[in-house]
>>> print(open('start-v4.txt').read())   # compact mmCIF, C-alpha atoms and all ligand atoms
# COMPACT_ATOMS: atom_id res chain seq x y z
CA MET A 5 103.78 106.34 111.03
CA PRO A 6 100.04 106.61 110.56
CA GLU A 7 97.78 106.10 113.53
CA ILE A 8 96.30 102.62 113.19
CA LYS A 9 94.19 100.70 115.70
CA GLU A 10 92.25 97.44 115.66
CA VAL A 11 88.69 98.46 116.53
CA ALA A 12 86.95 95.11 115.94
CA LYS A 13 88.15 91.69 114.84
CA ASN A 14 90.07 92.29 111.58
CA VAL A 15 88.85 95.88 111.37
CA TYR A 16 91.50 98.58 111.59
CA LEU A 17 90.90 102.28 111.97
CA LEU A 18 93.31 104.43 110.01
CA LYS A 19 93.09 108.13 110.87
CA VAL A 20 94.48 110.31 108.10
CA GLN A 21 95.07 114.04 107.81
CA VAL A 22 93.47 115.79 104.87
CA PRO A 23 94.14 119.32 103.57
CA ILE A 24 90.59 120.58 104.11
CA ASN A 25 88.78 122.03 107.05
CA VAL A 26 88.26 118.82 109.07
CA ASP A 27 90.53 117.42 111.77
CA SER A 28 91.03 114.06 110.11
CA VAL A 29 89.15 111.35 108.27
CA ASN A 30 88.70 107.75 109.36
CA LEU A 31 89.44 105.03 106.84
CA TYR A 32 88.80 101.43 107.81
CA LEU A 33 90.91 98.54 106.63
CA ILE A 34 89.22 95.16 106.82
CA ASP A 35 91.47 92.12 106.66
CA GLY A 36 90.41 88.63 105.56
CA GLU A 37 89.40 86.83 102.37
CA VAL A 38 88.54 90.10 100.62
CA PRO A 39 90.87 92.87 101.85
CA THR A 40 88.79 96.01 101.86
CA LEU A 41 89.19 99.71 102.49
CA ILE A 42 86.18 101.74 103.56
CA ASP A 43 86.59 105.28 102.24
CA ALA A 44 89.73 106.47 100.53
CA GLY A 45 90.61 109.95 101.83
CA THR A 46 91.82 112.80 99.64
CA ASN A 47 93.97 112.08 96.60
CA THR A 48 97.13 113.28 98.34
CA PRO A 49 100.46 111.47 98.79
CA ASN A 50 100.27 111.38 102.61
CA VAL A 51 96.92 109.57 102.49
CA ILE A 52 98.05 107.03 99.92
CA GLU A 53 101.25 106.37 101.90
CA ALA A 54 99.26 105.99 105.11
CA VAL A 55 97.06 103.34 103.50
CA HIS A 56 100.09 101.47 102.17
CA GLU A 57 101.76 101.65 105.59
CA GLY A 58 98.55 100.49 107.27
CA MET A 59 98.27 97.56 104.87
CA LYS A 60 101.84 96.59 105.65
CA GLN A 61 101.22 96.68 109.39
CA VAL A 62 98.07 94.59 109.09
CA GLY A 63 99.65 92.20 106.59
CA ILE A 64 97.48 93.00 103.58
CA LYS A 65 99.39 92.52 100.33
CA ARG A 66 96.80 93.67 97.89
CA LEU A 67 93.71 95.77 98.33
CA GLU A 68 90.80 93.98 96.67
CA GLN A 69 88.26 96.79 96.89
CA VAL A 70 87.34 100.20 98.20
CA LEU A 71 83.81 100.90 99.40
CA VAL A 72 83.02 104.58 99.21
CA THR A 73 80.37 105.93 101.61
CA HIS A 74 79.91 109.12 99.58
CA TRP A 75 81.57 111.12 96.84
CA HIS A 76 83.01 114.02 98.88
CA VAL A 77 86.73 114.61 98.36
CA ASP A 78 87.82 113.50 101.83
CA HIS A 79 86.07 110.15 101.33
CA ALA A 80 86.33 109.28 97.64
CA GLY A 81 89.26 111.45 96.52
CA ALA A 82 92.00 108.80 96.40
CA ALA A 83 89.80 105.96 95.10
CA ALA A 84 91.18 106.35 91.58
CA SER A 85 94.73 105.90 92.88
CA PHE A 86 93.78 102.61 94.55
CA ALA A 87 91.92 101.55 91.41
CA LYS A 88 95.19 101.95 89.49
CA GLU A 89 96.74 99.49 91.94
CA GLY A 90 94.00 96.97 91.11
CA ALA A 91 91.25 97.67 93.62
CA GLN A 92 87.61 97.56 92.57
CA ILE A 93 85.78 100.75 93.54
CA PHE A 94 82.22 100.54 94.87
CA VAL A 95 80.09 103.66 95.07
CA GLY A 96 76.35 104.35 95.25
CA SER A 97 74.91 105.01 91.79
CA ARG A 98 73.40 108.38 92.63
CA ASP A 99 76.63 109.54 94.25
CA TYR A 100 78.64 108.44 91.26
CA LEU A 101 76.63 110.85 89.12
CA GLU A 102 77.29 113.70 91.56
CA TRP A 103 80.97 112.85 91.72
CA PHE A 104 81.18 112.79 87.93
CA SER A 105 79.40 116.11 87.67
CA PHE A 106 81.78 117.63 90.22
CA ILE A 107 84.99 116.44 88.54
CA GLN A 108 83.75 117.41 85.13
CA GLY A 109 82.72 120.85 86.42
CA HIS A 110 79.01 120.68 85.68
CA ALA A 111 78.22 120.86 89.41
CA PHE A 112 79.77 124.34 89.58
CA GLY A 113 77.17 125.83 87.28
CA LYS A 114 74.43 124.15 89.27
CA LEU A 115 75.81 125.53 92.51
CA LYS A 116 75.80 129.02 91.00
CA ASP A 117 72.17 128.65 89.95
CA TRP A 118 71.03 127.30 93.29
CA ALA A 119 73.01 129.88 95.26
CA THR A 120 71.36 132.65 93.25
CA GLN A 121 67.83 131.32 92.87
CA GLU A 122 67.29 129.26 96.01
CA TRP A 123 69.45 131.13 98.49
CA GLY A 124 69.75 134.71 97.17
CA VAL A 125 73.54 134.81 97.49
CA PRO A 126 75.14 137.93 95.92
CA LYS A 127 77.47 137.31 92.99
CA ASN A 128 80.70 138.37 94.72
CA GLU A 129 80.09 135.83 97.50
CA ILE A 130 79.40 133.04 95.02
CA SER A 131 82.82 133.37 93.43
CA GLY A 132 84.42 132.79 96.85
CA MET A 133 82.51 129.51 97.20
CA ILE A 134 83.43 128.45 93.68
CA LYS A 135 87.12 128.97 94.56
CA VAL A 136 86.72 126.56 97.48
CA PHE A 137 85.08 124.12 95.05
CA GLU A 138 87.96 124.46 92.59
CA TYR A 139 90.45 123.70 95.34
CA PHE A 140 88.45 120.62 96.44
CA ARG A 141 88.33 119.37 92.89
CA MET A 142 92.12 119.04 92.83
CA LEU A 143 91.90 116.63 95.75
CA SER A 144 89.78 114.08 93.93
CA ALA A 145 89.93 112.00 90.76
CA LEU A 146 87.40 109.81 89.04
CA PRO A 147 88.34 106.11 88.63
CA ASP A 148 88.18 104.76 85.07
CA GLU A 149 85.79 102.10 86.21
CA VAL A 150 83.47 101.76 89.20
CA SER A 151 80.95 99.21 90.45
CA LEU A 152 77.67 100.86 91.29
CA ILE A 153 76.07 99.80 94.56
CA GLU A 154 72.36 99.20 94.65
CA PRO A 155 70.54 99.73 97.97
CA GLY A 156 70.25 96.44 99.86
CA GLN A 157 73.16 94.86 98.02
CA SER A 158 75.47 92.60 100.03
CA ILE A 159 79.20 92.89 99.44
CA MET A 160 81.79 90.53 100.87
CA ALA A 161 84.36 92.51 102.85
CA GLY A 162 87.08 90.74 104.83
CA ASP A 163 85.32 87.52 105.85
CA ASN A 164 81.83 88.94 106.29
CA PHE A 165 79.08 90.38 104.18
CA LEU A 166 78.30 94.04 104.44
CA ARG A 167 74.82 95.16 103.48
CA ALA A 168 74.61 98.54 101.79
CA PHE A 169 71.91 100.90 103.05
CA LEU A 170 71.02 104.01 101.12
CA THR A 171 71.27 106.77 103.73
CA ALA A 172 70.62 109.91 101.71
CA GLY A 173 70.87 113.30 103.37
CA HIS A 174 74.44 114.54 103.45
CA THR A 175 74.62 113.47 99.81
CA ALA A 176 71.86 112.08 97.60
CA GLY A 177 73.46 108.64 97.33
CA HIS A 178 75.30 108.26 100.64
CA MET A 179 75.74 104.60 101.59
CA SER A 180 76.19 103.05 105.03
CA PHE A 181 77.54 99.51 105.31
CA TYR A 182 76.30 97.05 107.90
CA ASN A 183 77.80 93.80 109.11
CA GLU A 184 74.59 92.13 110.31
CA GLN A 185 76.32 89.22 111.98
CA ASP A 186 78.42 91.33 114.35
CA ARG A 187 76.10 94.34 114.21
CA LEU A 188 78.83 96.72 113.10
CA LEU A 189 77.85 99.80 111.15
CA PHE A 190 80.20 101.79 108.93
CA SER A 191 78.25 105.00 108.97
CA GLY A 192 80.38 107.38 106.88
CA ASP A 193 79.15 110.94 107.47
CA MET A 194 75.59 109.73 108.07
CA LEU A 195 76.03 109.17 111.79
CA LEU A 196 78.78 111.16 113.52
CA PRO A 197 79.43 111.33 117.26
CA ASP A 198 80.35 115.01 117.46
CA GLU A 199 78.39 116.82 114.78
CA ILE A 200 75.38 116.76 112.52
CA PRO A 201 76.55 116.53 108.90
CA TYR A 202 75.41 119.42 106.74
CA PRO A 203 72.47 118.44 104.53
CA GLY A 204 73.16 118.36 100.81
CA ILE A 205 71.20 120.05 98.06
CA TRP A 206 70.17 118.29 94.88
CA GLN A 207 67.66 118.03 92.11
CA GLU A 208 64.66 115.71 92.38
CA GLY A 209 62.66 115.78 89.17
CA ASN A 210 62.07 119.48 88.49
CA GLN A 211 62.60 120.46 92.06
CA VAL A 212 65.63 121.51 94.02
CA VAL A 213 65.52 119.99 97.47
CA SER A 214 67.49 120.06 100.68
CA GLY A 215 68.80 116.72 101.88
CA LEU A 216 67.50 117.33 105.39
CA PRO A 217 64.09 115.62 105.05
CA SER A 218 65.85 112.57 103.55
CA TYR A 219 68.40 112.72 106.34
CA LEU A 220 65.66 112.35 108.94
CA ASP A 221 64.27 109.34 107.06
CA SER A 222 67.75 107.81 106.92
CA LEU A 223 68.18 108.40 110.63
CA ALA A 224 65.15 106.18 111.24
CA VAL A 225 66.64 103.47 109.02
CA ILE A 226 69.94 103.56 110.91
CA GLU A 227 68.28 103.64 114.30
CA ALA A 228 66.22 100.55 113.49
CA LEU A 229 69.40 98.54 112.86
CA GLN A 230 70.31 98.84 116.55
CA ALA A 231 73.97 98.47 115.71
CA GLN A 232 76.24 97.36 118.52
CA THR A 233 79.03 99.66 117.36
CA TYR A 234 79.17 102.31 114.70
CA PHE A 235 82.31 103.36 112.89
CA PRO A 236 81.96 106.97 111.76
CA ALA A 237 84.11 108.74 109.16
CA HIS A 238 85.07 111.43 111.68
CA GLY A 239 85.51 111.06 115.45
CA ALA A 240 85.87 107.84 117.43
CA PRO A 241 83.90 104.58 117.07
CA GLN A 242 80.89 104.50 119.38
CA GLU A 243 78.51 102.04 120.99
CA ASN A 244 75.37 104.13 121.30
CA SER A 245 73.94 104.36 117.79
CA VAL A 246 70.29 104.42 118.89
CA LYS A 247 70.85 107.12 121.47
CA ARG A 248 72.90 109.18 119.02
CA CYS A 249 70.11 108.99 116.41
CA GLN A 250 67.61 110.22 118.97
CA GLU A 251 69.90 113.03 120.08
CA ILE A 252 70.43 114.25 116.53
CA ARG A 253 66.71 114.15 115.79
CA GLU A 254 65.96 116.22 118.88
CA GLN A 255 68.67 118.73 118.06
CA LEU A 256 67.39 119.13 114.52
CA HIS A 257 63.82 119.67 115.68
CA HIS A 258 65.06 122.24 118.13
CA GLN A 259 67.06 124.05 115.43
CA VAL A 260 64.08 124.10 113.09
CA GLU A 261 61.81 125.40 115.82
CA LYS A 262 64.00 128.29 116.83
CA HIS A 263 64.95 129.28 113.29
CA GLN A 264 63.42 132.60 112.20
CA PRO A 265 63.46 132.83 108.41
CA ALA A 266 64.78 136.12 107.02
CA GLU A 267 64.05 137.42 103.52
CA SER A 268 66.41 134.90 101.99
CA VAL A 269 68.43 131.90 103.01
CA TYR A 270 71.53 134.00 102.45
CA LEU A 271 70.41 136.71 104.87
CA SER A 272 69.65 134.10 107.54
CA ALA A 273 72.94 132.33 106.99
CA SER A 274 75.12 135.45 106.99
CA ASN A 275 73.37 137.00 109.98
CA PHE A 276 75.93 135.88 112.55
CA GLY A 277 77.56 139.06 113.80
CA ASN A 278 79.14 141.66 111.55
CA GLN A 279 82.27 139.81 110.58
CA LYS A 280 82.64 138.65 107.05
CA ILE A 281 82.33 134.88 107.03
CA HIS A 282 84.73 132.60 105.22
CA PRO A 283 83.12 131.25 102.01
CA GLY A 284 83.59 127.69 103.24
CA VAL A 285 81.70 128.50 106.45
CA LEU A 286 79.01 130.38 104.54
CA PHE A 287 78.63 127.36 102.27
CA LEU A 288 77.86 125.13 105.28
CA LYS A 289 75.49 127.61 106.91
CA LEU A 290 73.50 128.02 103.70
CA HIS A 291 72.95 124.26 103.58
CA TYR A 292 71.76 124.06 107.20
CA VAL A 293 69.42 127.05 106.92
CA TYR A 294 67.98 125.81 103.63
CA GLY A 295 67.32 122.44 105.29
CA TRP A 296 65.59 123.98 108.30
CA GLU A 297 63.38 126.08 106.04
CA GLN A 298 62.33 123.12 103.93
CA LEU A 299 61.49 121.13 107.04
CA LYS A 300 59.49 124.04 108.41
CA LYS A 301 57.54 124.23 105.17
CA ARG A 302 56.93 120.51 105.20
CA ALA A 303 55.60 120.70 108.76
CA GLY A 304 53.24 123.46 107.57
ZN ZN B 401 83.31 113.86 105.73
>>> encode(input="start-v4.txt", output="structure tokens", more="lines below")
Ligand SMILES: [Zn+2]
Amino acid sequence: MPEIKEVAKNVYLLKVQVPINVDSVNLYLIDGEVPTLIDAGTNTPNVIEAVHEGMKQVGIKRLEQVLVTHWHVDHAGAAASFAKEGAQIFVGSRDYLEWFSFIQGHAFGKLKDWATQEWGVPKNEISGMIKVFEYFRMLSALPDEVSLIEPGQSIMAGDNFLRAFLTAGHTAGHMSFYNEQDRLLFSGDMLLPDEIPYPGIWQEGNQVVSGLPSYLDSLAVIEALQAQTYFPAHGAPQENSVKRCQEIREQLHHQVEKHQPAESVYLSASNFGNQKIHPGVLFLKLHYVYGWEQLKKRAG
């Protein structure tokens, strides 16, 4: 039996286990006129069964739609499976491009280039990260058809409208969904109670950028909503969105301040004791360090 809990009127938290290095992912089922799932989990049988079981318990016969906060495999992976059952899949337009590029394999070449040119990662370490990527790719599938979300768009979910806010940072097109009437925020990986999501890396015009500067801008957007409750994609729902935004901002400024750049991002990121770090861990550290360095540069 999956763990399911009503966390607001007609909103049910479904915690699912995923075969990657996170404890679990939160999916949210919203009952009402338009039965909705927020985030889909990995494309694995246990997740799909958990959603079906959750629907049964809540009394949802057919899933009308899935709103995807961002394209990462633990959030968008199973969307295609629900699409096959008739659900409409909503995803931010920028994230759809990244998702496409990942499934099709284009993103792997880009990662290699960035790891070499931006971060100075040696070749043998890159192949370890690519292996992690290959494994992740098996946990996701692209739906035949998606509806692209534009920032500011309102989407009926359950019996209420959710407004989509572009909250770039962790990914370039990450979306957060806000029920303005009840002041409930579905924050995806944008706002998490127990961690700061790693900043993404992407191309903006001719430039490669860290998502961290955008993340700080998004934090201001989220804070200004003054949500009563936020429903994160990992961890438990929380009531202190404003305080959490401030905390994260302070922590980030502190991290940037104390960071001493080495000759390359790679040397900074791998300089944690003598042990060889797991490629998945190295991957995360590279993103954080790269973000800190870009913020430092921006501050001058
Ligand atoms: Zn996540």
>>> atom_distance(input="start-v4.txt", atom1="CA of Leu299 (chain A)", atom2="CA of Pro217 (chain A)")
6.4 Å
>>> residues_near_ligand(input="start-v4.txt", ligand="ligand ZN 401 (chain B)", cutoff="9 Å", atoms="all atoms listed in the file", output="short mmCIF file (atom, residue, chain, number, x, y, z; two decimals) with C-alpha atoms, keeping the file's coordinate frame")
data_model
loop_
_atom_site.label_atom_id
_atom_site.label_comp_id
_atom_site.auth_asym_id
_atom_site.auth_seq_id
_atom_site.Cartn_x
_atom_site.Cartn_y
_atom_site.Cartn_z
CA VAL A 26 88.26 118.82 109.07
CA SER A 28 91.03 114.06 110.11
CA VAL A 29 89.15 111.35 108.27
CA ASN A 30 88.70 107.75 109.36
CA HIS A 74 79.91 109.12 99.58
CA HIS A 76 83.01 114.02 98.88
CA VAL A 77 86.73 114.61 98.36
CA ASP A 78 87.82 113.50 101.83
CA HIS A 79 86.07 110.15 101.33
CA GLY A 192 80.38 107.38 106.88
CA ASP A 193 79.15 110.94 107.47
CA PRO A 201 76.55 116.53 108.90
CA ALA A 237 84.11 108.74 109.16
CA HIS A 238 85.07 111.43 111.68
#
>>> atom_distance(input="start-v4.txt", atom1="CA of Gln230 (chain A)", atom2="CA of Met179 (chain A)")
16.9 Å
>>> closest_residue(input="start-v4.txt", among="A:Ser180, A:Gln108, A:Asn164, A:Ser218", to="Asn14 (chain A)", atoms="all atoms listed in the file")
A:Asn164
>>> residues_around(input="start-v4.txt", residues="Tyr16 (chain A)", least_positions_apart="5", cutoff="9 Å", atoms="all atoms listed in the file", output="list in words")
Ile8, Lys9, Glu10, Val11, Leu31, Tyr32, Leu33, Ile34, Asp35, Gly58 and Val62 of chain A
>>> closest_atom_pairs(input="start-v4.txt", of="region 48-107 of chain A", to="region 137-156 of chain A", cutoff="8 Å", atoms="all atoms listed in the file", output="JSON lines")
{"residue": "A:Thr48", "atom": "CA", "partner": "A:Leu143", "partner_atom": "CA", "distance": 6.7}
{"residue": "A:Val77", "atom": "CA", "partner": "A:Ser144", "partner_atom": "CA", "distance": 5.4}
{"residue": "A:Asp78", "atom": "CA", "partner": "A:Leu143", "partner_atom": "CA", "distance": 8.0}
{"residue": "A:Ala80", "atom": "CA", "partner": "A:Ser144", "partner_atom": "CA", "distance": 7.0}
{"residue": "A:Gly81", "atom": "CA", "partner": "A:Ser144", "partner_atom": "CA", "distance": 3.7}
{"residue": "A:Ala82", "atom": "CA", "partner": "A:Ser144", "partner_atom": "CA", "distance": 6.2}
{"residue": "A:Ala83", "atom": "CA", "partner": "A:Pro147", "partner_atom": "CA", "distance": 6.6}
{"residue": "A:Ala84", "atom": "CA", "partner": "A:Pro147", "partner_atom": "CA", "distance": 4.1}
{"residue": "A:Ser85", "atom": "CA", "partner": "A:Pro147", "partner_atom": "CA", "distance": 7.7}
{"residue": "A:Ala87", "atom": "CA", "partner": "A:Pro147", "partner_atom": "CA", "distance": 6.4}
{"residue": "A:Gln92", "atom": "CA", "partner": "A:Val150", "partner_atom": "CA", "distance": 6.8}
{"residue": "A:Ile93", "atom": "CA", "partner": "A:Val150", "partner_atom": "CA", "distance": 5.0}
{"residue": "A:Phe94", "atom": "CA", "partner": "A:Ser151", "partner_atom": "CA", "distance": 4.8}
{"residue": "A:Val95", "atom": "CA", "partner": "A:Leu152", "partner_atom": "CA", "distance": 5.3}
{"residue": "A:Gly96", "atom": "CA", "partner": "A:Ile153", "partner_atom": "CA", "distance": 4.6}
{"residue": "A:Ser97", "atom": "CA", "partner": "A:Leu152", "partner_atom": "CA", "distance": 5.0}
{"residue": "A:Tyr100", "atom": "CA", "partner": "A:Leu152", "partner_atom": "CA", "distance": 7.6}
{"residue": "A:Trp103", "atom": "CA", "partner": "A:Leu146", "partner_atom": "CA", "distance": 7.6}
{"residue": "A:Phe104", "atom": "CA", "partner": "A:Leu146", "partner_atom": "CA", "distance": 7.0}
{"residue": "A:Phe106", "atom": "CA", "partner": "A:Arg141", "partner_atom": "CA", "distance": 7.3}
{"residue": "A:Ile107", "atom": "CA", "partner": "A:Arg141", "partner_atom": "CA", "distance": 6.2}
>>> closest_residue(input="start-v4.txt", among="A:Gly215, A:Gly162, A:Pro49, A:Pro23", to="Phe86 (chain A)", atoms="only C-alpha atoms")
A:Pro49
>>> axis_aligned_box(input="start-v4.txt", around="region 96-108 of chain A", padding_each_side="8 Å", output="JSON")
{"center_x": 79.2, "center_y": 111.0, "center_z": 90.2, "size_x": 27.6, "size_y": 29.3, "size_z": 26.1}
>>> closest_residue(input="start-v4.txt", among="A:Val55, A:Ala266, A:Leu71, A:Leu195", to="Cys249 (chain A)", atoms="all atoms listed in the file")
A:Leu195
>>> decode(input="start-v4.txt", residues="region 233-246 of chain A", atoms="N, CA and C atoms", output="JSON list (two decimals), in the first residue's frame")
[["chain", "number", "residue", "atom", "x", "y", "z"],
["A", 233, "THR", "N", 0.81, 27.52, 2.77],
["A", 233, "THR", "CA", 1.44, 26.21, 2.86],
["A", 233, "THR", "C", 2.17, 25.93, 1.56],
["A", 234, "TYR", "N", 3.34, 25.34, 1.64],
["A", 234, "TYR", "CA", 3.94, 24.89, 0.39],
["A", 234, "TYR", "C", 4.12, 23.38, 0.40],
["A", 235, "PHE", "N", 3.90, 22.80, -0.76],
["A", 235, "PHE", "CA", 3.96, 21.37, -0.96],
["A", 235, "PHE", "C", 5.18, 21.05, -1.82],
["A", 236, "PRO", "N", 6.28, 20.66, -1.18],
["A", 236, "PRO", "CA", 7.52, 20.42, -1.92],
["A", 236, "PRO", "C", 7.52, 19.03, -2.58],
["A", 237, "ALA", "N", 8.43, 18.79, -3.47],
["A", 237, "ALA", "CA", 8.55, 17.49, -4.14],
["A", 237, "ALA", "C", 9.35, 16.49, -3.31],
["A", 238, "HIS", "N", 10.06, 16.97, -2.31],
["A", 238, "HIS", "CA", 10.76, 16.08, -1.37],
["A", 238, "HIS", "C", 10.57, 16.67, 0.03],
["A", 239, "GLY", "N", 10.43, 15.79, 1.03],
["A", 239, "GLY", "CA", 10.22, 16.29, 2.40],
["A", 239, "GLY", "C", 8.74, 16.50, 2.66],
["A", 240, "ALA", "N", 8.43, 17.08, 3.82],
["A", 240, "ALA", "CA", 7.02, 17.23, 4.23],
["A", 240, "ALA", "C", 6.48, 18.61, 3.88],
["A", 241, "PRO", "N", 5.17, 18.73, 3.65],
["A", 241, "PRO", "CA", 4.56, 20.05, 3.44],
["A", 241, "PRO", "C", 4.85, 20.98, 4.63],
["A", 242, "GLN", "N", 4.97, 22.26, 4.34],
["A", 242, "GLN", "CA", 5.41, 23.21, 5.36],
["A", 242, "GLN", "C", 4.58, 24.48, 5.32],
["A", 243, "GLU", "N", 4.62, 25.22, 6.44],
["A", 243, "GLU", "CA", 3.81, 26.44, 6.53],
["A", 243, "GLU", "C", 4.65, 27.73, 6.46],
["A", 244, "ASN", "N", 5.95, 27.57, 6.38],
["A", 244, "ASN", "CA", 6.79, 28.77, 6.56],
["A", 244, "ASN", "C", 7.53, 29.17, 5.29],
["A", 245, "SER", "N", 6.83, 29.35, 4.20],
["A", 245, "SER", "CA", 7.51, 29.58, 2.93],
["A", 245, "SER", "C", 8.41, 30.82, 2.95],
["A", 246, "VAL", "N", 7.92, 31.90, 3.58],
["A", 246, "VAL", "CA", 8.71, 33.14, 3.57],
["A", 246, "VAL", "C", 10.01, 32.95, 4.34]]
